[in-house]
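my_file.cif, holding mmCIF, C-alpha atoms:
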```
data_query
loop_
_atom_site.label_atom_id
_atom_site.label_comp_id
_atom_site.auth_asym_id
_atom_site.auth_seq_id
_atom_site.Cartn_x
_atom_site.Cartn_y
_atom_site.Cartn_z
CA MET A 1 51.92 -10.67 0.34
CA LEU A 2 55.06 -9.06 1.76
CA GLY A 3 53.37 -5.67 1.84
CA LEU A 4 50.36 -7.16 3.62
CA LEU A 5 52.63 -8.82 6.18
CA VAL A 6 54.37 -5.50 6.83
CA ILE A 7 51.01 -3.77 7.39
CA ILE A 8 49.97 -6.50 9.84
CA ILE A 9 53.22 -6.13 11.80
CA ILE A 10 52.91 -2.33 11.88
CA SER A 11 49.27 -2.64 12.97
CA TRP A 12 50.26 -4.92 15.84
CA GLY A 13 53.03 -2.53 16.86
CA MET A 14 50.72 0.50 16.86
CA LEU A 15 48.05 -1.28 18.88
CA TYR A 16 50.58 -2.38 21.47
CA LEU A 17 52.34 1.00 21.62
CA TYR A 18 49.25 3.19 21.93
CA GLU A 19 46.62 0.94 23.54
CA LYS A 20 48.52 -2.06 24.93
CA LYS A 21 46.30 -4.28 22.77
CA ASN A 22 46.91 -6.89 20.09
CA LEU A 23 45.34 -7.70 16.74
CA GLN A 24 42.41 -9.39 18.42
CA VAL A 25 40.70 -5.99 18.73
CA LEU A 26 40.23 -6.09 14.94
CA GLY A 27 37.70 -8.86 15.48
CA ILE A 28 39.32 -11.66 13.50
CA LEU A 29 38.65 -14.39 16.09
CA PRO A 30 36.80 -16.66 16.69
CA LEU A 31 37.25 -17.66 13.07
CA HIS A 32 33.93 -19.49 12.62
CA GLN A 33 31.93 -16.45 13.80
CA LYS A 34 33.98 -13.99 11.79
CA SER A 35 33.65 -16.13 8.68
CA LEU A 36 29.88 -15.80 9.04
CA GLN A 37 30.25 -12.04 9.31
CA PHE A 38 32.41 -11.99 6.18
CA GLY A 39 29.82 -14.10 4.35
CA LEU A 40 27.01 -11.83 5.51
CA GLY A 41 28.78 -8.75 4.16
CA PHE A 42 29.69 -10.57 0.95
CA GLY A 43 26.11 -11.67 0.36
CA LEU A 44 24.62 -8.25 1.11
CA MET A 45 26.95 -6.52 -1.33
CA ALA A 46 26.49 -9.19 -4.00
CA MET A 47 22.72 -8.64 -3.94
CA THR A 48 23.24 -4.88 -4.05
CA VAL A 49 25.55 -5.04 -7.07
CA LEU A 50 23.26 -7.44 -8.95
CA CYS A 51 20.32 -5.13 -8.26
CA TYR A 52 22.30 -2.17 -9.54
CA ILE A 53 23.34 -4.04 -12.69
CA GLY A 54 19.72 -5.06 -13.29
CA ILE A 55 18.61 -1.42 -13.06
CA GLU A 56 21.40 -0.28 -15.37
CA THR A 57 20.60 -3.04 -17.85
CA TYR A 58 16.95 -1.95 -17.96
CA MET A 59 17.63 1.79 -18.14
CA PHE A 60 20.29 1.56 -20.84
CA ASN A 61 18.86 -1.42 -22.70
CA ILE A 62 22.21 -3.16 -22.30
CA GLU A 63 22.93 -6.35 -24.18
CA TRP A 64 25.31 -8.72 -22.39
CA GLN A 65 27.35 -11.50 -23.90
CA SER A 66 28.29 -14.39 -21.62
CA ASN A 67 31.98 -15.28 -21.64
CA VAL A 68 33.71 -18.61 -21.34
CA TRP A 69 35.10 -18.81 -17.82
CA HIS A 70 37.22 -21.19 -15.80
CA LEU A 71 37.01 -21.87 -12.09
CA THR A 72 40.73 -21.22 -11.75
CA ASN A 73 40.29 -17.66 -13.01
CA LEU A 74 37.46 -17.00 -10.56
CA ILE A 75 39.53 -18.32 -7.65
CA GLU A 76 42.51 -16.21 -8.71
CA ALA A 77 40.28 -13.13 -8.99
CA PHE A 78 38.79 -13.77 -5.55
CA TRP A 79 42.23 -14.20 -4.00
CA TYR A 80 43.50 -11.03 -5.67
CA HIS A 81 40.54 -8.95 -4.47
CA LEU A 82 40.75 -10.48 -0.99
CA LYS A 83 44.40 -9.42 -0.63
CA SER A 84 43.72 -5.99 -2.11
CA ALA A 85 40.67 -5.32 0.07
CA LEU A 86 42.35 -6.65 3.22
CA THR A 87 45.33 -4.36 2.64
CA GLU A 88 43.09 -1.29 2.34
CA ASP A 89 40.88 -2.33 5.24
CA LEU A 90 43.85 -2.83 7.57
CA VAL A 91 45.10 0.64 6.67
CA PHE A 92 41.82 2.58 6.76
CA ARG A 93 39.63 0.48 9.03
CA GLY A 94 42.12 -1.41 11.15
CA ALA A 95 44.47 -0.43 13.95
CA ILE A 96 44.42 3.29 13.16
CA LEU A 97 40.62 3.43 13.24
CA TYR A 98 40.55 1.52 16.52
CA ILE A 99 43.05 3.93 18.08
CA LEU A 100 41.18 6.97 16.76
CA ILE A 101 37.90 5.67 18.16
CA LYS A 102 39.52 5.34 21.55
CA ARG A 103 41.12 8.80 21.39
CA MET A 104 38.53 10.85 19.46
CA GLY A 105 35.27 8.96 19.77
CA SER A 106 33.49 6.99 17.07
CA ARG A 107 31.90 9.91 15.20
CA TRP A 108 35.09 11.82 14.44
CA ALA A 109 37.20 8.69 13.98
CA ILE A 110 34.85 7.26 11.37
CA LEU A 111 34.65 10.63 9.60
CA CYS A 112 38.46 10.91 9.46
CA SER A 113 38.73 7.37 8.12
CA ALA A 114 36.16 8.14 5.41
CA LEU A 115 37.84 11.38 4.31
CA VAL A 116 41.29 9.79 4.07
CA PHE A 117 39.81 6.82 2.18
CA GLY A 118 38.23 9.25 -0.29
CA VAL A 119 41.45 11.23 -0.83
CA TYR A 120 43.37 7.96 -1.25
CA HIS A 121 41.27 7.20 -4.32
CA TRP A 122 42.49 10.38 -6.02
CA PHE A 123 45.89 8.69 -6.06
CA SER A 124 44.75 5.13 -6.76
CA TYR A 125 42.62 6.32 -9.71
CA GLY A 126 45.39 8.60 -10.96
CA ILE A 127 43.11 11.65 -11.23
CA LEU A 128 45.06 14.31 -9.32
CA GLN A 129 45.32 16.43 -12.47
CA GLU A 130 41.63 16.20 -13.30
CA ARG A 131 38.98 18.90 -12.83
CA PRO A 132 37.97 19.81 -9.27
CA ILE A 133 34.40 18.67 -9.88
CA LEU A 134 35.64 15.13 -10.63
CA LEU A 135 37.86 15.17 -7.54
CA ALA A 136 34.89 16.29 -5.44
CA TYR A 137 32.70 13.56 -6.94
CA ILE A 138 35.24 10.81 -6.22
CA LEU A 139 35.82 12.14 -2.71
CA MET A 140 32.09 12.12 -2.01
CA ILE A 141 31.36 8.68 -3.48
CA THR A 142 34.34 6.83 -2.04
CA GLY A 143 34.17 8.82 1.20
CA ILE A 144 30.58 7.75 1.81
CA THR A 145 31.53 4.16 1.05
CA GLY A 146 34.48 4.42 3.45
CA TRP A 147 32.22 5.88 6.14
CA ILE A 148 29.77 2.98 5.87
CA TRP A 149 32.51 0.35 5.96
CA ALA A 150 34.18 2.05 8.94
CA TRP A 151 30.81 2.29 10.66
CA SER A 152 30.28 -1.43 10.06
CA TYR A 153 33.55 -2.10 11.92
CA TYR A 154 32.48 0.04 14.85
CA LYS A 155 29.04 -1.56 15.06
CA SER A 156 30.13 -5.17 14.53
CA LYS A 157 33.41 -4.84 16.47
CA SER A 158 35.08 -6.69 13.61
CA ILE A 159 36.92 -5.90 10.41
CA MET A 160 35.37 -8.96 8.75
CA LEU A 161 31.91 -7.58 7.92
CA GLY A 162 33.35 -4.60 6.07
CA LEU A 163 35.93 -6.84 4.41
CA GLY A 164 33.14 -9.02 3.05
CA LEU A 165 31.41 -5.93 1.64
CA HIS A 166 34.66 -4.69 0.09
CA VAL A 167 35.71 -7.99 -1.52
CA SER A 168 32.23 -8.65 -2.84
CA TYR A 169 31.90 -5.24 -4.48
CA ASN A 170 35.24 -5.47 -6.27
CA LEU A 171 34.72 -9.08 -7.33
CA MET A 172 31.12 -8.69 -8.51
CA MET A 173 31.98 -5.61 -10.57
CA SER A 174 34.84 -7.53 -12.20
CA PHE A 175 32.32 -10.12 -13.40
CA PHE A 176 30.62 -7.53 -15.64
CA TYR A 177 32.95 -4.59 -16.26
CA GLU A 178 36.48 -3.97 -17.44
CA ASN A 179 39.00 -3.99 -14.62
CA GLN A 180 42.67 -4.75 -14.13
CA PRO A 181 44.04 -7.34 -13.74
CA TYR A 182 40.67 -9.17 -13.76
CA GLY A 183 37.66 -7.85 -15.63
CA GLU A 184 34.61 -9.04 -17.60
CA LEU A 185 35.10 -12.47 -16.09
CA LEU A 186 31.54 -13.63 -16.80
CA PHE A 187 29.97 -11.09 -19.15
CA THR A 188 30.90 -8.48 -21.74
CA GLN A 189 28.73 -5.46 -22.48
CA LEU A 190 27.89 -5.25 -26.19
CA THR A 191 25.53 -2.29 -26.55
CA GLN A 192 23.91 0.41 -24.46
CA ILE A 193 22.12 3.74 -24.78
CA GLN A 194 24.28 6.81 -24.13
CA LEU A 195 23.17 9.66 -21.87
CA THR A 196 24.11 13.31 -22.27
CA GLY A 197 23.84 16.55 -20.31
CA TRP A 198 21.97 16.56 -17.03
CA ASN A 199 20.73 12.99 -17.55
CA GLU A 200 24.32 11.81 -17.51
CA PHE A 201 24.98 13.81 -14.33
CA TYR A 202 21.90 12.45 -12.56
CA TYR A 203 22.78 8.90 -13.46
CA SER A 204 26.37 9.36 -12.33
CA MET A 205 25.06 10.41 -8.93
CA PHE A 206 22.71 7.43 -8.83
CA ARG A 207 25.46 5.04 -9.87
CA GLY A 208 27.83 6.38 -7.23
CA LEU A 209 25.35 6.48 -4.34
CA PHE A 210 23.09 3.49 -4.97
CA PRO A 211 25.46 0.77 -3.63
CA SER A 212 26.23 2.79 -0.49
CA VAL A 213 22.60 3.62 0.24
CA CYS A 214 21.49 0.00 -0.20
CA THR A 215 24.41 -1.24 1.91
CA PHE A 216 23.60 1.20 4.70
CA ILE A 217 19.92 0.23 4.74
CA GLY A 218 20.84 -3.46 4.72
CA LEU A 219 23.28 -3.02 7.59
CA LYS A 220 20.78 -1.03 9.63
CA LEU A 221 18.28 -3.87 9.27
CA ILE A 222 20.93 -6.42 10.19
CA PHE A 223 22.06 -4.52 13.28
CA HIS A 224 18.45 -4.23 14.44
CA SER A 225 17.91 -7.97 14.07
CA ALA A 226 18.40 -9.89 17.33
CA LYS A 227 19.18 -13.04 15.34
CA PHE A 228 22.08 -11.47 13.47
CA ASN A 229 23.27 -9.40 16.42
CA ARG A 230 24.44 -12.58 18.09
CA LEU A 231 26.91 -12.94 15.22
CA LEU A 232 28.01 -9.32 15.21
CA THR A 233 28.55 -8.02 18.68
CA PRO A 234 31.54 -9.40 20.60
CA SER A 235 32.82 -6.60 22.88
CA THR A 236 36.18 -5.31 21.69
CA CYS A 237 35.64 -1.66 20.73
CA LYS A 238 33.29 0.67 22.57
#
```

Since I need it in another form, could you write the structure as structure tokens?
Amino acid sequence: MLGLLVIIIISWGMLYLYEKKNLQVLGILPLHQKSLQFGLGFGLMAMTVLCYIGIETYMFNIEWQSNVWHLTNLIEAFWYHLKSALTEDLVFRGAILYILIKRMGSRWAILCSALVFGVYHWFSYGILQERPILLAYILMITGITGWIWAWSYYKSKSIMLGLGLHVSYNLMMSFFYENQPYGELLFTQLTQIQLTGWNEFYYSMFRGLFPSVCTFIGLKLIFHSAKFNRLLTPSTCK
């Protein structure tokens, strides 16, 4: 929490120093509207992840075992992923992105945010010593994800839609797969078919791109909906 507080203070300082603005440009208020945006992003990503898991289960003939779970663990996992996602979003899609949009324009600002987000995952995954092809793959997959989440901030004028997407992805994946400190919260994978050669490569590409493609399509539909646009378009960042 201390680290998050420091990031918030630094964000406020940068916004005031460079743009004479405050944290309101991040689109956190009014809270009731932004909570709806968060929920919209959360729901869209939850459906995307469940669809992906359904496809993977069918393709690999996966057998799942349901685990005993407690509401306390789910709440703790949600809170952990909320803090983690908010920290990353404030760094990569917060004050710096807002300032870059103002100085460079949305296209280049979003691209810079995406590239830095992709490189960041080389460090967070601890893969700096791995083969270049793996580094390129991680840069591409996480960079595309970062581009879409940054684009969602620019289009919605709020950090909350992308935050909902981010929290939902991390939390939903922790329900089914190993993760630290929370993983396999609801299910454990017992068996699956293994792929080799080009089939493994093709599926790796599908697995990496499917969530981003579905998210982008879903967001495009949302932004073209007059009903949802009333929730998404307060004027703070042009």

Discussion item. Evaluated on this file, the PyMOL selection byres ((chain A and resi 145) around 12) picks out some residues - which ones are they, written as an MDAnalysis selection string?
Written reply: chainID A and resid 45 92:93 110:111 113:118 121 138:144 146:152 162 165:166 169 208:216

Against range 5-22 of chain A, which residues of range 93-199 of chain A fall within 9 Å? For each one I want the closest pair of atoms and the distance in Å (one decimal), counting all atoms listed in the file, rows by chain and increasing residue number, as CSV.
```
residue,atom,partner,partner_atom,distance
A:Gly94,CA,A:Ser11,CA,7.5
A:Ala95,CA,A:Ser11,CA,5.4
A:Ile96,CA,A:Ser11,CA,7.7
A:Tyr98,CA,A:Leu15,CA,8.3
A:Ile99,CA,A:Glu19,CA,7.2
A:Lys102,CA,A:Glu19,CA,8.6
```

Response to the item:
Pairwise distance, CA of Asn170 in chain A with CA of Gln129 in chain A, equals 24.9 Å

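CA of Glu76 in chain A is found 21.2 Å from CA of Leu50 in chain A.
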
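Going from CA of Met160 in chain A to CA of Phe123 in chain A covers 25.3 Å.
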
Discussion item. Evaluated on this file, the PyMOL selection byres ((chain A and resi 63) around 7) picks out some residues - which ones are they, written as a list of chain:residue names?
Written reply: A:Asn61, A:Ile62, A:Trp64, A:Gln65, A:Gln189, A:Leu190, A:Thr191, A:Gln192

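You can rank A:Phe228, A:Trp69, A:Tyr154, A:Phe42 by their closest distance to Leu97 in chain A using all atoms listed in the file, and at the top of that list sits A:Tyr154.
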
Where is the centre and how long are the edges: axis-aligned box on range 208-215 of chain A, 6 Å on each side, Å to one decimal, as AutoDock Vina command-line options:
```
--center_x 24.7 --center_y 2.6 --center_z -2.7 --size_x 18.3 --size_y 19.7 --size_z 21.1
```

Discussion item. I'd like to see the residues matched by the PyMOL selection byres ((chain A and resi 171) around 10) on this file, and ideally I'd get them as a PyMOL selection string.
Written reply: chain A and resi 42+46+74+77-82+166-170+172-176+179+182-183+185

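Distance check against Leu36 in chain A using only C-alpha atoms: of A:Ile55, A:Ile217, A:Leu195, A:Leu163, the minimum falls on A:Leu163.
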